[in-house]
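Undergrad: Supplied structure: work_15.txt, compact mmCIF, C-alpha atoms.
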```txt
# COMPACT_ATOMS: atom_id res chain seq x y z
CA MET A 1023 -22.55 22.86 19.67
CA ALA A 1024 -19.85 24.99 18.13
CA ILE A 1025 -16.79 22.77 17.70
CA ASP A 1026 -13.78 24.31 16.00
CA PRO A 1027 -13.46 22.47 12.65
CA THR A 1028 -9.72 22.08 13.23
CA ARG A 1029 -10.63 19.55 15.94
CA PHE A 1030 -12.11 17.11 13.41
CA CYS A 1031 -9.97 14.26 12.10
CA ILE A 1032 -10.63 11.54 9.51
CA ASN A 1033 -9.60 7.95 10.16
CA ARG A 1034 -8.48 6.22 6.98
CA LYS A 1035 -10.86 3.34 7.72
CA ILE A 1036 -13.60 5.46 6.09
CA ALA A 1037 -11.87 5.22 2.70
CA PRO A 1038 -10.61 1.65 2.29
CA THR A 1039 -10.46 1.81 -1.50
CA LEU A 1040 -8.63 5.14 -1.86
CA SER A 1041 -4.91 5.54 -2.30
CA LEU A 1042 -3.12 7.54 0.36
CA GLU A 1043 -2.91 10.57 -1.92
CA ALA A 1044 -6.59 10.35 -2.87
CA PHE A 1045 -7.44 10.13 0.84
CA PHE A 1046 -5.39 13.24 1.61
CA GLN A 1047 -7.06 15.05 -1.30
CA LEU A 1048 -10.49 14.16 0.12
CA VAL A 1049 -9.56 15.46 3.56
CA GLN A 1050 -8.28 18.68 2.03
CA ARG A 1051 -11.50 19.15 0.00
CA LEU A 1052 -13.41 18.95 3.27
CA GLY A 1053 -11.36 21.84 4.61
CA LEU A 1054 -9.76 19.58 7.21
CA ASN A 1055 -6.12 18.73 7.87
CA LYS A 1056 -5.97 15.89 10.41
CA VAL A 1057 -5.91 12.13 9.73
CA GLU A 1058 -5.43 8.83 11.47
CA LEU A 1059 -3.49 6.24 9.50
CA ARG A 1060 -3.72 2.48 10.03
CA ASN A 1061 -1.73 -0.72 9.74
CA ASP A 1062 -4.81 -2.84 8.90
CA MET A 1063 -5.69 -1.39 5.49
CA PRO A 1064 -5.81 -3.68 2.40
CA SER A 1065 -2.08 -3.16 1.73
CA GLY A 1066 -1.22 -4.23 5.28
CA LYS A 1067 1.08 -1.21 5.54
CA VAL A 1068 0.62 2.21 7.11
CA CYS A 1069 1.78 4.04 3.98
CA ASP A 1070 0.93 1.33 1.42
CA ASP A 1071 3.95 1.02 -0.89
CA LEU A 1072 5.16 4.60 -0.48
CA THR A 1073 8.55 5.41 0.99
CA VAL A 1074 8.89 7.65 4.01
CA ASP A 1075 10.06 10.48 1.78
CA GLN A 1076 7.12 10.03 -0.62
CA THR A 1077 4.69 9.99 2.31
CA ARG A 1078 6.19 13.10 3.88
CA ALA A 1079 6.03 14.88 0.51
CA LEU A 1080 2.31 14.10 0.21
CA LEU A 1081 1.65 15.23 3.78
CA ALA A 1082 3.38 18.52 3.00
CA LYS A 1083 1.64 18.91 -0.37
CA TYR A 1084 -1.83 18.63 1.19
CA SER A 1085 -0.95 20.21 4.57
CA ILE A 1086 -1.97 17.07 6.47
CA ASP A 1087 -1.14 16.28 10.11
CA VAL A 1088 -1.00 12.62 11.17
CA VAL A 1089 -2.64 12.52 14.60
CA THR A 1090 -2.17 8.79 15.17
CA ILE A 1091 -1.35 5.43 13.68
CA ASN A 1092 -3.77 2.64 14.63
CA ALA A 1093 -2.78 0.33 16.27
CA ILE A 1094 -0.54 -1.73 18.51
CA TYR A 1095 -2.42 -4.96 19.27
CA PRO A 1096 -2.56 -6.60 21.76
CA PHE A 1097 -0.55 -4.08 23.76
CA ASN A 1098 -1.27 -5.86 27.07
CA ARG A 1099 0.10 -9.24 25.98
CA ILE A 1100 3.83 -8.57 25.82
CA ASP A 1101 6.10 -10.91 23.89
CA GLU A 1102 9.05 -10.47 21.54
CA ALA A 1103 6.79 -10.23 18.48
CA LEU A 1104 4.69 -7.48 20.09
CA LEU A 1105 7.79 -5.54 21.12
CA ALA A 1106 9.25 -5.82 17.61
CA LYS A 1107 5.97 -4.66 16.07
CA THR A 1108 5.79 -1.76 18.54
CA ASP A 1109 9.35 -0.67 17.79
CA ALA A 1110 8.68 -0.79 14.03
CA LEU A 1111 5.47 1.24 14.35
CA LEU A 1112 7.15 3.78 16.63
CA GLN A 1113 9.99 4.17 14.14
CA GLU A 1114 7.51 4.65 11.29
CA ALA A 1115 5.43 7.11 13.33
CA GLN A 1116 8.51 9.19 14.09
CA ALA A 1117 9.66 9.05 10.46
CA ILE A 1118 6.39 10.40 9.03
CA GLY A 1119 5.70 12.82 11.87
CA ALA A 1120 2.77 11.01 13.50
CA LYS A 1121 2.13 12.28 17.00
CA ALA A 1122 0.76 9.13 18.68
CA LEU A 1123 0.10 5.40 18.43
CA VAL A 1124 -3.19 3.85 19.48
CA MET A 1125 -2.86 0.85 21.80
CA CYS A 1126 -5.63 -1.78 21.79
CA PRO A 1127 -6.03 -4.55 24.40
CA LEU A 1128 -6.40 -8.27 23.74
CA ASN A 1129 -9.88 -8.86 22.34
CA ASP A 1130 -10.37 -12.61 21.94
CA GLY A 1131 -12.12 -13.75 25.11
CA VAL A 1132 -8.92 -14.46 27.06
CA ALA A 1133 -8.74 -12.51 30.30
CA VAL A 1134 -5.69 -10.38 31.05
CA ALA A 1135 -5.18 -9.46 34.69
CA PRO A 1136 -5.09 -5.72 35.44
CA GLU A 1137 -1.60 -6.24 36.87
CA GLU A 1138 -0.43 -7.63 33.53
CA THR A 1139 -1.91 -4.66 31.65
CA LEU A 1140 -0.22 -2.28 34.09
CA ALA A 1141 3.11 -4.09 33.64
CA ALA A 1142 2.71 -3.87 29.86
CA MET A 1143 2.23 -0.09 30.10
CA LYS A 1144 5.39 0.21 32.19
CA ASN A 1145 7.27 -1.98 29.71
CA LEU A 1146 6.19 0.01 26.65
CA ALA A 1147 6.40 3.56 28.01
CA PRO A 1148 10.21 3.97 27.64
CA ARG A 1149 9.98 2.89 24.00
CA PHE A 1150 7.40 5.61 23.33
CA ALA A 1151 9.47 8.18 25.21
CA GLN A 1152 12.58 7.33 23.20
CA ARG A 1153 10.76 8.25 19.99
CA ASP A 1154 8.80 11.15 21.51
CA ILE A 1155 5.50 9.49 20.49
CA GLU A 1156 2.41 9.54 22.72
CA GLY A 1157 0.66 6.30 23.65
CA LEU A 1158 -3.14 6.32 23.53
CA VAL A 1159 -4.87 3.40 25.26
CA GLU A 1160 -8.23 2.48 23.72
CA PRO A 1161 -10.53 0.35 25.89
CA LEU A 1162 -12.68 -1.95 23.72
CA GLY A 1163 -16.25 -2.47 24.89
CA PHE A 1164 -16.76 -5.90 23.31
CA PRO A 1165 -17.74 -8.58 25.85
CA VAL A 1166 -14.59 -10.54 24.85
CA SER A 1167 -12.25 -7.59 25.46
CA SER A 1168 -9.62 -7.76 28.21
CA LEU A 1169 -9.94 -4.01 28.96
CA ARG A 1170 -13.47 -2.63 28.58
CA SER A 1171 -13.66 0.27 31.02
CA ALA A 1172 -12.22 3.72 30.31
CA VAL A 1173 -12.21 4.49 34.02
CA GLN A 1174 -10.25 1.29 34.76
CA ALA A 1175 -7.79 2.11 31.95
CA GLN A 1176 -7.39 5.61 33.40
CA GLN A 1177 -6.59 4.16 36.82
CA LEU A 1178 -4.09 1.67 35.39
CA ILE A 1179 -2.29 4.49 33.55
CA ARG A 1180 -2.09 6.44 36.81
CA ASP A 1181 -0.93 3.42 38.78
CA ALA A 1182 1.72 2.64 36.17
CA GLN A 1183 2.88 6.27 36.35
CA VAL A 1184 3.25 6.46 32.57
CA PRO A 1185 2.37 9.44 30.33
CA PHE A 1186 -0.22 7.58 28.26
CA ARG A 1187 -3.72 8.94 27.72
CA LEU A 1188 -7.04 7.44 26.64
CA VAL A 1189 -8.95 7.02 23.41
CA ILE A 1190 -12.66 7.28 24.13
CA ASP A 1191 -14.70 5.59 21.40
CA THR A 1192 -18.45 6.27 21.34
CA PHE A 1193 -19.12 2.75 19.99
CA HIS A 1194 -17.07 1.01 22.68
CA HIS A 1195 -18.52 3.28 25.37
CA HIS A 1196 -22.00 2.11 24.33
CA LEU A 1197 -20.99 -1.57 24.38
CA TYR A 1198 -19.62 -1.50 27.93
CA GLU A 1199 -22.66 -1.93 30.16
CA HIS A 1200 -21.25 -0.05 33.17
CA ALA A 1201 -19.94 2.94 31.22
CA GLU A 1202 -22.83 5.26 32.07
CA GLN A 1203 -22.45 4.54 35.79
CA GLU A 1204 -18.67 5.07 35.81
CA PHE A 1205 -17.88 7.65 33.17
CA PRO A 1206 -19.61 10.93 34.09
CA ALA A 1207 -18.36 11.07 37.67
CA GLU A 1208 -14.96 9.41 37.36
CA ILE A 1209 -13.43 10.29 34.01
CA ASP A 1210 -10.74 12.96 33.93
CA VAL A 1211 -11.03 14.74 30.58
CA SER A 1212 -7.38 15.80 30.81
CA MET A 1213 -6.59 12.09 30.43
CA ILE A 1214 -8.43 11.85 27.10
CA GLY A 1215 -6.10 12.16 24.13
CA LEU A 1216 -8.57 11.38 21.34
CA VAL A 1217 -12.24 10.56 20.75
CA HIS A 1218 -13.39 8.13 18.04
CA LEU A 1219 -16.82 8.69 16.52
CA SER A 1220 -19.12 6.38 14.58
CA GLY A 1221 -22.83 5.63 14.45
CA VAL A 1222 -24.98 2.50 14.56
CA GLU A 1223 -28.56 2.21 13.34
CA ASP A 1224 -28.86 -1.56 13.81
CA THR A 1225 -31.28 -2.33 16.66
CA ARG A 1226 -30.02 -5.78 17.63
CA ALA A 1227 -28.98 -6.39 21.26
CA THR A 1228 -26.03 -4.25 22.30
CA ALA A 1229 -23.85 -7.24 23.17
CA GLU A 1230 -24.31 -8.54 19.62
CA LEU A 1231 -23.04 -5.41 17.88
CA THR A 1232 -19.78 -5.69 15.95
CA ASP A 1233 -17.55 -3.35 13.95
CA GLU A 1234 -19.62 -4.31 10.90
CA GLU A 1235 -22.54 -2.21 12.17
CA ARG A 1236 -20.42 0.96 12.52
CA ILE A 1237 -21.30 3.64 9.98
CA MET A 1238 -21.44 7.44 10.31
CA LEU A 1239 -23.56 9.61 12.59
CA SER A 1240 -27.30 9.98 11.99
CA ASN A 1241 -30.53 10.85 13.76
CA LYS A 1242 -31.12 7.09 14.19
CA ASP A 1243 -27.80 6.46 15.95
CA VAL A 1244 -28.32 4.06 18.87
CA LEU A 1245 -24.89 5.00 20.26
CA ASN A 1246 -26.13 8.55 20.81
CA SER A 1247 -22.72 9.75 19.67
CA VAL A 1248 -23.91 13.36 19.37
CA ALA A 1249 -25.09 13.31 23.00
CA GLN A 1250 -21.81 11.68 24.06
CA VAL A 1251 -19.90 14.51 22.37
CA LYS A 1252 -22.11 17.14 24.01
CA ARG A 1253 -21.30 15.68 27.41
CA LEU A 1254 -17.57 15.58 26.64
CA GLU A 1255 -17.73 19.23 25.63
CA MET A 1256 -19.60 20.10 28.85
CA LEU A 1257 -16.95 18.23 30.85
CA GLY A 1258 -14.32 20.44 29.24
CA TYR A 1259 -12.83 18.21 26.55
CA LYS A 1260 -10.90 20.36 24.05
CA GLY A 1261 -9.23 17.65 22.00
CA ILE A 1262 -9.68 15.93 18.65
CA TYR A 1263 -12.69 13.99 17.34
CA ALA A 1264 -11.84 11.37 14.70
CA PHE A 1265 -14.52 9.76 12.52
CA GLU A 1266 -13.93 5.99 12.51
CA PRO A 1267 -16.67 3.94 10.82
CA PHE A 1268 -15.85 0.27 10.14
CA SER A 1269 -18.64 -1.35 8.10
CA SER A 1270 -17.84 -3.24 4.89
CA GLU A 1271 -20.48 -0.94 3.39
CA LEU A 1272 -17.68 1.63 3.16
CA ASN A 1273 -16.06 -0.39 0.37
CA SER A 1274 -18.82 0.77 -1.98
CA TRP A 1275 -18.75 4.45 -1.02
CA THR A 1276 -17.47 6.82 -3.70
CA PRO A 1277 -15.30 9.77 -2.67
CA ALA A 1278 -18.37 11.99 -3.12
CA GLU A 1279 -20.40 9.78 -0.77
CA ILE A 1280 -17.60 9.75 1.80
CA GLU A 1281 -17.50 13.55 1.69
CA ARG A 1282 -21.28 13.76 2.02
CA GLN A 1283 -21.30 11.43 5.01
CA ILE A 1284 -18.55 13.38 6.78
CA ARG A 1285 -20.21 16.75 6.13
CA HIS A 1286 -23.54 15.37 7.42
CA SER A 1287 -21.93 14.00 10.60
CA ILE A 1288 -20.16 17.30 11.27
CA ALA A 1289 -23.44 19.17 10.71
CA LEU A 1290 -25.19 16.96 13.29
CA LEU A 1291 -22.44 17.73 15.81
CA GLN A 1292 -22.54 21.45 15.09
CA ALA A 1293 -26.35 21.74 15.29
```
How does this structure look as structure tokens?

TA:
Amino acid sequence: MAIDPTRFCINRKIAPTLSLEAFFQLVQRLGLNKVELRNDMPSGKVCDDLTVDQTRALLAKYSIDVVTINAIYPFNRIDEALLAKTDALLQEAQAIGAKALVMCPLNDGVAVAPEETLAAMKNLAPRFAQRDIEGLVEPLGFPVSSLRSAVQAQQLIRDAQVPFRLVIDTFHHHLYEHAEQEFPAEIDVSMIGLVHLSGVEDTRATAELTDEERIMLSNKDVLNSVAQVKRLEMLGYKGIYAFEPFSSELNSWTPAEIERQIRHSIALLQA
């Protein structure tokens, strides 16, 4: 494949021990300029202890674009606390120039009716529009997730008549047992706003996989993330691919190792 390098993005989850500036420096050394920031890093804050002005100055210094902030959770269980958290994240996204917020469904074994998820989308959409921030719905493939199917999420977005799009995650695609039956024929690539990439080499049963097994891409990847990307490219996807490993193993990676892992994953995709 020949994927334009400007389409690659680095999720901050890959560098849990680096300061925000050190993370931006790493991305710049890779010749990249897109990042995803998070509200679940060790500091508990999207920008750690930096002010908006300090964050914007660093983004300008290293020519970094913030593609998304991860994440609003659980977006499909609306209450006052969720709305307050959403408003705060939208305000922060607008302040630092982030283009989108990722929206994750309830993931604790409690079912949420499709009608409730649809109503949540309708409820949240005006808040996103007010701040001119895009909402990206990420189905989670875990057996305990309340929204596992990308095709179902796509249909709910259409039925809600909201301008949200999807995050397709190669890990969560692999976990959802009906994905291969539904996805190729029914997905609309124009509805995909972002693709998350990781790799898993652990050979335990699929239903037993957790975020802890998520590392970077390799030739032993049971998710077949490279093949998933090839299919997305064949279907006409032209958007961004963000590397999002999760394993606690990442805590021990040096900046040099992080760079090596990213370069190796990109090389596998470009082969």

Undergrad: Using all atoms listed in the file, tabulate the residues of stretch 1059-1128 of chain A lying at most 12 Å from any atom of stretch 1156-1160 of chain A, each with its closest atom pair and that distance in Å to one decimal, by chain and increasing residue number, as CSV.

TA:
```
residue,atom,partner,partner_atom,distance
A:Val1089,CA,A:Glu1156,CA,10.0
A:Thr1090,CA,A:Leu1158,CA,8.8
A:Ile1091,CA,A:Leu1158,CA,10.1
A:Asn1092,CA,A:Leu1158,CA,9.7
A:Ala1093,CA,A:Leu1158,CA,9.4
A:Ile1094,CA,A:Val1159,CA,9.5
A:Tyr1095,CA,A:Glu1160,CA,10.4
A:Pro1096,CA,A:Val1159,CA,10.8
A:Phe1097,CA,A:Val1159,CA,8.8
A:Asn1098,CA,A:Val1159,CA,10.1
A:Thr1108,CA,A:Gly1157,CA,10.8
A:Leu1111,CA,A:Gly1157,CA,11.6
A:Leu1112,CA,A:Glu1156,CA,9.6
A:Ala1115,CA,A:Glu1156,CA,10.2
A:Gln1116,CA,A:Glu1156,CA,10.6
A:Gly1119,CA,A:Glu1156,CA,11.8
A:Ala1120,CA,A:Glu1156,CA,9.3
A:Lys1121,CA,A:Glu1156,CA,6.3
A:Ala1122,CA,A:Glu1156,CA,4.4
A:Leu1123,CA,A:Gly1157,CA,5.3
A:Val1124,CA,A:Leu1158,CA,4.7
A:Met1125,CA,A:Val1159,CA,4.7
A:Cys1126,CA,A:Glu1160,CA,5.4
A:Pro1127,CA,A:Glu1160,CA,7.4
A:Leu1128,CA,A:Glu1160,CA,10.9
```

Undergrad: Got a sec: who's within 12 Å of A:Ala1278, counting all atoms listed in the file, leaving out chain neighbours fewer than 3 positions off, as a PyMOL selection string?

TA: chain A and resi 1037+1040+1044-1045+1047-1049+1051-1052+1274-1275+1281-1285

Undergrad: Distance cut-off 12 Å, centre (-2.1, 5.5, 28.1) in file coordinates, counting only C-alpha atoms: which residues qualify? Return them as a ChimeraX atom specification.

TA: /A:1097-1098,1122-1127,1139-1140,1142-1144,1146-1147,1150,1155-1161,1172-1190,1212-1216

Undergrad: Taking C-alpha atoms for each residue, export the selection above as a PDB file, in the frame of the given file.

TA:
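Here's the written file again34.pdb:
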```pdb
ATOM      1  CA  PHE A1097      -0.550  -4.080  23.760  1.00  0.00           C
ATOM      2  CA  ASN A1098      -1.270  -5.860  27.070  1.00  0.00           C
ATOM      3  CA  ALA A1122       0.760   9.130  18.680  1.00  0.00           C
ATOM      4  CA  LEU A1123       0.100   5.400  18.430  1.00  0.00           C
ATOM      5  CA  VAL A1124      -3.190   3.850  19.480  1.00  0.00           C
ATOM      6  CA  MET A1125      -2.860   0.850  21.800  1.00  0.00           C
ATOM      7  CA  CYS A1126      -5.630  -1.780  21.790  1.00  0.00           C
ATOM      8  CA  PRO A1127      -6.030  -4.550  24.400  1.00  0.00           C
ATOM      9  CA  THR A1139      -1.910  -4.660  31.650  1.00  0.00           C
ATOM     10  CA  LEU A1140      -0.220  -2.280  34.090  1.00  0.00           C
ATOM     11  CA  ALA A1142       2.710  -3.870  29.860  1.00  0.00           C
ATOM     12  CA  MET A1143       2.230  -0.090  30.100  1.00  0.00           C
ATOM     13  CA  LYS A1144       5.390   0.210  32.190  1.00  0.00           C
ATOM     14  CA  LEU A1146       6.190   0.010  26.650  1.00  0.00           C
ATOM     15  CA  ALA A1147       6.400   3.560  28.010  1.00  0.00           C
ATOM     16  CA  PHE A1150       7.400   5.610  23.330  1.00  0.00           C
ATOM     17  CA  ILE A1155       5.500   9.490  20.490  1.00  0.00           C
ATOM     18  CA  GLU A1156       2.410   9.540  22.720  1.00  0.00           C
ATOM     19  CA  GLY A1157       0.660   6.300  23.650  1.00  0.00           C
ATOM     20  CA  LEU A1158      -3.140   6.320  23.530  1.00  0.00           C
ATOM     21  CA  VAL A1159      -4.870   3.400  25.260  1.00  0.00           C
ATOM     22  CA  GLU A1160      -8.230   2.480  23.720  1.00  0.00           C
ATOM     23  CA  PRO A1161     -10.530   0.350  25.890  1.00  0.00           C
ATOM     24  CA  ALA A1172     -12.220   3.720  30.310  1.00  0.00           C
ATOM     25  CA  VAL A1173     -12.210   4.490  34.020  1.00  0.00           C
ATOM     26  CA  GLN A1174     -10.250   1.290  34.760  1.00  0.00           C
ATOM     27  CA  ALA A1175      -7.790   2.110  31.950  1.00  0.00           C
ATOM     28  CA  GLN A1176      -7.390   5.610  33.400  1.00  0.00           C
ATOM     29  CA  GLN A1177      -6.590   4.160  36.820  1.00  0.00           C
ATOM     30  CA  LEU A1178      -4.090   1.670  35.390  1.00  0.00           C
ATOM     31  CA  ILE A1179      -2.290   4.490  33.550  1.00  0.00           C
ATOM     32  CA  ARG A1180      -2.090   6.440  36.810  1.00  0.00           C
ATOM     33  CA  ASP A1181      -0.930   3.420  38.780  1.00  0.00           C
ATOM     34  CA  ALA A1182       1.720   2.640  36.170  1.00  0.00           C
ATOM     35  CA  GLN A1183       2.880   6.270  36.350  1.00  0.00           C
ATOM     36  CA  VAL A1184       3.250   6.460  32.570  1.00  0.00           C
ATOM     37  CA  PRO A1185       2.370   9.440  30.330  1.00  0.00           C
ATOM     38  CA  PHE A1186      -0.220   7.580  28.260  1.00  0.00           C
ATOM     39  CA  ARG A1187      -3.720   8.940  27.720  1.00  0.00           C
ATOM     40  CA  LEU A1188      -7.040   7.440  26.640  1.00  0.00           C
ATOM     41  CA  VAL A1189      -8.950   7.020  23.410  1.00  0.00           C
ATOM     42  CA  ILE A1190     -12.660   7.280  24.130  1.00  0.00           C
ATOM     43  CA  SER A1212      -7.380  15.800  30.810  1.00  0.00           C
ATOM     44  CA  MET A1213      -6.590  12.090  30.430  1.00  0.00           C
ATOM     45  CA  ILE A1214      -8.430  11.850  27.100  1.00  0.00           C
ATOM     46  CA  GLY A1215      -6.100  12.160  24.130  1.00  0.00           C
ATOM     47  CA  LEU A1216      -8.570  11.380  21.340  1.00  0.00           C
TER      48      LEU A1216
END
```

Undergrad: Counting only C-alpha atoms, write as a short mmCIF file (atom, residue, chain, number, x, y, z; two decimals) with C-alpha atoms, in the frame of the given file all protein and nucleic acid residues lying at most 6 Å from (-20.3, -4.4, 25.8) in the file's frame.

TA:
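Final file, out.cif:
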```
data_model
loop_
_atom_site.label_atom_id
_atom_site.label_comp_id
_atom_site.auth_asym_id
_atom_site.auth_seq_id
_atom_site.Cartn_x
_atom_site.Cartn_y
_atom_site.Cartn_z
CA GLY A 1163 -16.25 -2.47 24.89
CA PHE A 1164 -16.76 -5.90 23.31
CA PRO A 1165 -17.74 -8.58 25.85
CA LEU A 1197 -20.99 -1.57 24.38
CA TYR A 1198 -19.62 -1.50 27.93
CA GLU A 1199 -22.66 -1.93 30.16
CA ALA A 1229 -23.85 -7.24 23.17
#
```

Undergrad: Find the spatial neighbours of A:Leu1254, counting all atoms listed in the file, within a cut-off of 12 Å - ignore same-chain residues fewer than 6 positions away - and output them as a PyMOL selection string.

TA: chain A and resi 1023+1025+1190-1192+1205-1207+1209-1212+1214+1216-1217+1247-1248+1260-1263

Undergrad: Extract, using all atoms listed in the file, all DNA, RNA and protein residues at most 9 Å from A:Leu1272, discarding same-chain residues fewer than 2 positions from it, and format them as an mmCIF file with C-alpha atoms, keeping the file's coordinate frame.

TA:
```cif
data_model
loop_
_atom_site.group_PDB
_atom_site.id
_atom_site.type_symbol
_atom_site.label_atom_id
_atom_site.label_comp_id
_atom_site.auth_asym_id
_atom_site.auth_seq_id
_atom_site.Cartn_x
_atom_site.Cartn_y
_atom_site.Cartn_z
ATOM 1 C CA LYS A 1035 -10.860 3.340 7.720
ATOM 2 C CA ILE A 1036 -13.600 5.460 6.090
ATOM 3 C CA ALA A 1037 -11.870 5.220 2.700
ATOM 4 C CA PRO A 1038 -10.610 1.650 2.290
ATOM 5 C CA THR A 1039 -10.460 1.810 -1.500
ATOM 6 C CA ILE A 1237 -21.300 3.640 9.980
ATOM 7 C CA PRO A 1267 -16.670 3.940 10.820
ATOM 8 C CA PHE A 1268 -15.850 0.270 10.140
ATOM 9 C CA SER A 1269 -18.640 -1.350 8.100
ATOM 10 C CA SER A 1270 -17.840 -3.240 4.890
ATOM 11 C CA SER A 1274 -18.820 0.770 -1.980
ATOM 12 C CA TRP A 1275 -18.750 4.450 -1.020
ATOM 13 C CA THR A 1276 -17.470 6.820 -3.700
ATOM 14 C CA ILE A 1280 -17.600 9.750 1.800
#
```

Undergrad: How many Å lie between atom CA of A:Glu1204 and atom CA of A:Met1256, rounded to one decimal?

TA: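 So the answer is 16.6 Å.
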
Undergrad: To one decimal place, how far is atom CA of A:Ala1293 from atom CA of A:Leu1257 in Å?

TA: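 Computing the Euclidean distance for atom CA of A:Ala1293 and atom CA of A:Leu1257 yields 18.5 Å.
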
Undergrad: Expressed in Å to a single decimal, how great is the separation between atom CA of A:Gly1258 and atom CA of A:Arg1236?

TA: 26.4 Å

Undergrad: Rank nothing, just name the residue among A:Met1238, A:Ile1086, A:Val1068, A:Ala1289 nearest to A:Ala1110, using all atoms listed in the file.

TA: A:Val1068

Undergrad: Between A:Glu1202, A:Asp1224, A:Glu1255, A:Glu1279, which one has atoms that come closest to A:Asp1026, using only C-alpha atoms?

TA: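 Among the listed residues, the smallest separation from A:Asp1026 belongs to A:Glu1255.
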